[in-house]
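Taking it in order: structure first as structure tokens, then the write-up.
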Amino acid sequence: MTHPPPPSINRRLGLPGLALAALSFGWLGSASGLPLESGLLVAVAALAGGTACRFMRRSATREISWVPFVAGLGLLSLLTPLTFLAELMAGLGGIAILLSLADDPDRPPGGLARSVPTIALPAAAVGIAWSGGILLPPGAAPIGVAAASLALALTAVAFLTGRPDLFDREEAPTS
Amino acid sequence: MNGDPGSAPTTLLFRTRTIGLLATAGILLVAGVLLRDPIPLFVALPLLVAPAAAALSGPRSNPRAELEWTESGTGSEVRIEGSVRPEPIVRPGDLVVSIDPPGSLLERSPPTREVRDGALRFETDWWAPEPMIALVPPPSVVWRDPIGLVERRVDGIEGSLRVSRYPPELLRLGSAHLDRTTVLPGETRSRRIGSTGEFFGIRKAEPSDPPRRLNWRASARTGRLLANEYALERTGDVVLVLDARPTELGSRIDERLLAIARAAVEGVAESFLRSKSRVGLAVYGEFVDAVPLSTGRPHAFRIREALLRARLADVAGPAERCAIALRRYFPPGVTTIVFSSLADESARSLVAHVRRRGFRVVVLSPSPLPLLGGRRLPPEESGLADRLARLQRRSEIARVWQDAPAIDWEEYGSLGGFVEFLRRPSARRVS
């Protein structure tokens with residue numbers, strides 16, 4: 001009995017997502033308020049932990065490979081001083097996690113290509129938010145307003161997508 | 001409960017990872033607002049938007065797909081190959097197929113999946129450690145977005161697959177002589193044209209004909225290959241009695257022995273039905289569930305269904321009840337094969353009762369000894385315990401021989417001894 005070969009190392013690594021995450025995490029680690037070694041250590045630990053999970057035999061462990069990524073990125077984002085580049089790198093870090101999830105070695109190949117339309121929307125949201133951050137005047141109030149608006153909009157979207165019947169069009173009556 | 005697939009709920013399901021990502025994003029959102037730091041917000045933003053984007057990227061209601069699957073493999077190997085072809089709006093790569101082996105089968109390696117020709121193809125690698133019959137339920141198929149955040153159930157995946165494995169020697173059993181060969185009024189003798197029996201005629205040879213079946217003289221005369229045909233008249237009947245009563249061995253062992261016996265019953269029934277004999281089945285738990293004597297493909301299906309229905313009874317019915325019920329369904333004098341573990345006195349007395357009611361009984365007894373290997377004893381004591389268990393088993397089988405010939409079936413992968421025994425009528429006489 002011949003079986004297809006197991007997923008390649010590249011698929012296990014999730015190279016596109018890992019590369020983007022390495023760029024983002026590395027930059028945030030080096031620019032964080034922590035000493036350079038500590039910041040980079042956090043970044044490397046997050047990347048190594050997430051990647052190691054993808055190589056595990058147990059599917060339940062592979063399923064949570066996003067946890068070290070998100071934990072490391074969240075920590076670094078809280079410790080990094082505010083700059084425009086830091087904002088961009090934080091957004092790219094989030095996109096990298098989604099890319100890593102899309103390149104699932106347990107599913108048929110081509111997940112990354114299939115996920116482009118799905119990831120385009122969060123990427124566009126990050127782009128709009130980042131360009132808004134550059135163009136809008138600085139201050140604390142806009143952040144709160146933006147966060148509240150964002151949460152409200154996302155709640156509405158989540159509600160609407162959870163009720164697909166609200167989207168469905170009624171069929172035209174036949175004569 | 002509405003069985004109409006069109007009325008199934010079209011729920012979008014969020015997976016555990018989605019909840020985790022949303023929770024993390026929420027924490028970052030709160031932290032960003034409290035610390036007046038927009039950087040965590042930038043991390044949270046794609047994580048918050050992604051589930052909504054994933055939901056919007058898929059079908060608005062449960063998609064439909066067609067399942068085609070077959071079972072193959074030889075010996076203990078069980079391979080299930082199939083394909084799930086979704087409707088055009090769904091990409092096959094976005095489908096997730098989960099298929100688990102039924103209890104009597106073991107998984108050797110995880111199933112493989114690949115996208116080919118617009119369908120998601122899957123293949124399992126299972127094996128059957130013992131003879132078995134089972135229904136494999138249809139696989140669970142869901143549409144899942146490429147990031148793996150949301151999913152929808154796929155409708156239209158229906159139909160179970162039957163898998164059976166029994167010793168291959170049973171295929172030769174159809175040529176065994178059956179005791180009852182007298183035609184009753186109204187019965188018609190069935191005739192089988194094939195490779196055994198009396199000479200029937202000559203026909204054009206086929207590539208599958210073995211050399212000894214070719215009629216060389218006739219072939220030499222005509223200048224082309226001709227083969228002999230033989231006619232076999234079969235009027236013998238066989239009744240298969242499956243003892244599904246609980247014994248002292250406990251439900252776990254009883255269940256396994258019943259599963260092994262069910263597989264053997266199916267093999268014996270198929271073999272005799274192939275030779276156009278009439279076959280009847282009685283499953284005895286607390287009461288008798290009988291399939292009357294008949295032949296043909298529909299009857300094979302009836303027997304299969306009855307065997308798949310057969311479960312270990314909660315309460316053991318008395319042996320005499322089975323014997324009385326058998327007389328209601330089947331005429332006396334029929335060759336009757338009793339499948340029983342003979343593990344306790346009640347099981348052994350069943351043979352005597354059935355014989356006293358006029359049936360010619362042969363017993364095939366799946367031995368519980370190979371299933372009782374979990375003793376935690378030192379090697380020398382374990383060896384002694386095994387020998388004692390074998391002696392006891394032999395003595396129990398010998399006691400059954402006083403009523404009917406009994407075959408101890410210890411090597412589950414082979415039934416050569418049983419087949420040879422049935423094919424030699426003289427060996428079946430009990431003094």
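If you're wondering about the labels, chains in the structure tokens are A, B, ... by order shown, residues count from 1 in each chain, ligands from 1 in order shown.
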
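Residues in contact with range 307-320 of chain B at up to 6 Å, not including ones fewer than 6 positions away on its chain and judged by only C-alpha atoms, are Ala244, Arg245, Pro246, Gly285, Glu286, Leu350 and His353 of chain B.
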
Quiz item: Could you pull out all residues of range 16-87 of chain A with a DSSP call of alpha helix (DSSP H) and give them as an MDAnalysis selection string?
Solution: chainID A and resid 16:31 36:55 59:63 66:79 84:87

Quiz prompt | Interface, chain B side, toward chain A (8 Å; only C-alpha atoms) as a ChimeraX atom specification | solution = /B:10-12,17,24,28-29,32-33,36-57,60-61,93,96,112-115,145-148

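Picture a line from CA of Phe287 in chain B to CA of Arg360 in chain B; it runs 21.3 Å.
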
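By only C-alpha atoms, and with residues fewer than 2 positions from Asp344 in chain B along its chain excluded, the set lying at most 12 Å from it is Asp243, Arg245, Pro246, Thr247, Glu248, Leu249, Gly250, Asp254, Ala316, Ala319, Ser340, Ser341, Leu342, Ser346, Ala347, Arg348, Ser349, Leu350, Val351, Pro368, Gln392, Arg393, Glu396, Ile397, Arg399 and Val400 of chain B.
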
Excluding range 326-337 of chain B and residues on its chain fewer than 6 positions from it, collect all residues at most 6 Å away from it, counting only C-alpha atoms, and give them as an mmCIF file with C-alpha atoms, in the first residue's frame.
data_model
loop_
_atom_site.group_PDB
_atom_site.id
_atom_site.type_symbol
_atom_site.label_atom_id
_atom_site.label_comp_id
_atom_site.auth_asym_id
_atom_site.auth_seq_id
_atom_site.Cartn_x
_atom_site.Cartn_y
_atom_site.Cartn_z
ATOM 1 C CA ASP B 179 -27.516 -33.863 5.717
ATOM 2 C CA ARG B 180 -31.023 -33.009 4.671
ATOM 3 C CA ASP B 237 -30.316 -26.886 3.993
ATOM 4 C CA VAL B 238 -28.268 -25.438 6.776
ATOM 5 C CA VAL B 239 -29.375 -23.568 9.873
ATOM 6 C CA LEU B 240 -26.913 -21.293 11.640
ATOM 7 C CA GLY B 358 -34.105 -33.449 15.995
ATOM 8 C CA PHE B 359 -31.461 -31.202 14.507
ATOM 9 C CA ARG B 360 -28.115 -32.554 13.336
ATOM 10 C CA VAL B 361 -25.797 -30.278 15.227
ATOM 11 C CA VAL B 362 -22.214 -29.247 14.613
ATOM 12 C CA VAL B 363 -20.659 -26.721 16.982
#

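From CA of Pro131 in chain B back to CA of Pro167 in chain B, the distance works out to 7.1 Å.
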
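Interatomic distance, CA of Leu34 in chain A to CA of Gly17 in chain A: 24.9 Å.
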
Quiz item: Residues of range 117-349 of chain B in strand (DSSP E) according to DSSP, as an MDAnalysis selection string?
Solution: chainID B and resid 119:127 132:136 140:144 150:153 161:165 190:194 198:204 226:234 237:243 278:284 288:294 335:339

Contacts of Gly73 in chain B at 12 Å or less, counting only C-alpha atoms, minus same-chain residues fewer than 5 places along, as an mmCIF file with C-alpha atoms, in the first residue's frame?
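What ended up in result-v4.cif:
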data_model
loop_
_atom_site.group_PDB
_atom_site.id
_atom_site.type_symbol
_atom_site.label_atom_id
_atom_site.label_comp_id
_atom_site.auth_asym_id
_atom_site.auth_seq_id
_atom_site.Cartn_x
_atom_site.Cartn_y
_atom_site.Cartn_z
ATOM 1 C CA MET A 1 0.000 0.000 0.000
ATOM 2 C CA VAL B 78 -9.082 -2.862 5.454
ATOM 3 C CA ARG B 79 -8.716 0.051 3.091
ATOM 4 C CA ILE B 80 -11.536 2.512 2.538
ATOM 5 C CA GLU B 81 -11.162 4.786 -0.446
ATOM 6 C CA GLU B 123 -8.054 6.743 2.033
ATOM 7 C CA THR B 124 -7.904 4.955 5.356
ATOM 8 C CA ASP B 125 -5.369 2.412 6.546
ATOM 9 C CA TRP B 126 -7.119 0.128 9.027
ATOM 10 C CA TRP B 127 -6.756 -3.489 9.952
ATOM 11 C CA ALA B 128 -8.971 -6.122 11.494
ATOM 12 C CA VAL B 163 -16.977 -4.286 6.062
ATOM 13 C CA SER B 164 -16.506 -7.951 6.802
ATOM 14 C CA ARG B 165 -13.464 -10.098 7.315
#

If you count only C-alpha atoms, which residues fall within 12 Å of Phe301 in chain B, apart from same-chain ones fewer than 5 positions away, as a compact mmCIF listing (two decimals) with C-alpha atoms, in the first residue's frame?
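Saved result, out03.txt, follows:
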# COMPACT_ATOMS: atom_id res chain seq x y z
CA ARG B 162 -20.31 -2.73 5.25
CA GLU B 266 -21.62 -14.46 7.62
CA ALA B 269 -23.88 -18.28 5.11
CA GLU B 270 -22.29 -16.63 2.06
CA LEU B 273 -25.73 -19.41 -0.44
CA VAL B 279 -29.67 -21.10 4.71
CA VAL B 291 -34.45 -15.66 9.40
CA SER B 294 -34.23 -19.45 1.83
CA THR B 295 -31.61 -18.78 -0.80
CA GLY B 296 -30.54 -16.08 -3.26
CA ALA B 306 -29.92 -9.77 11.01
CA LEU B 307 -26.26 -10.25 11.90
CA LEU B 308 -25.63 -6.51 12.08
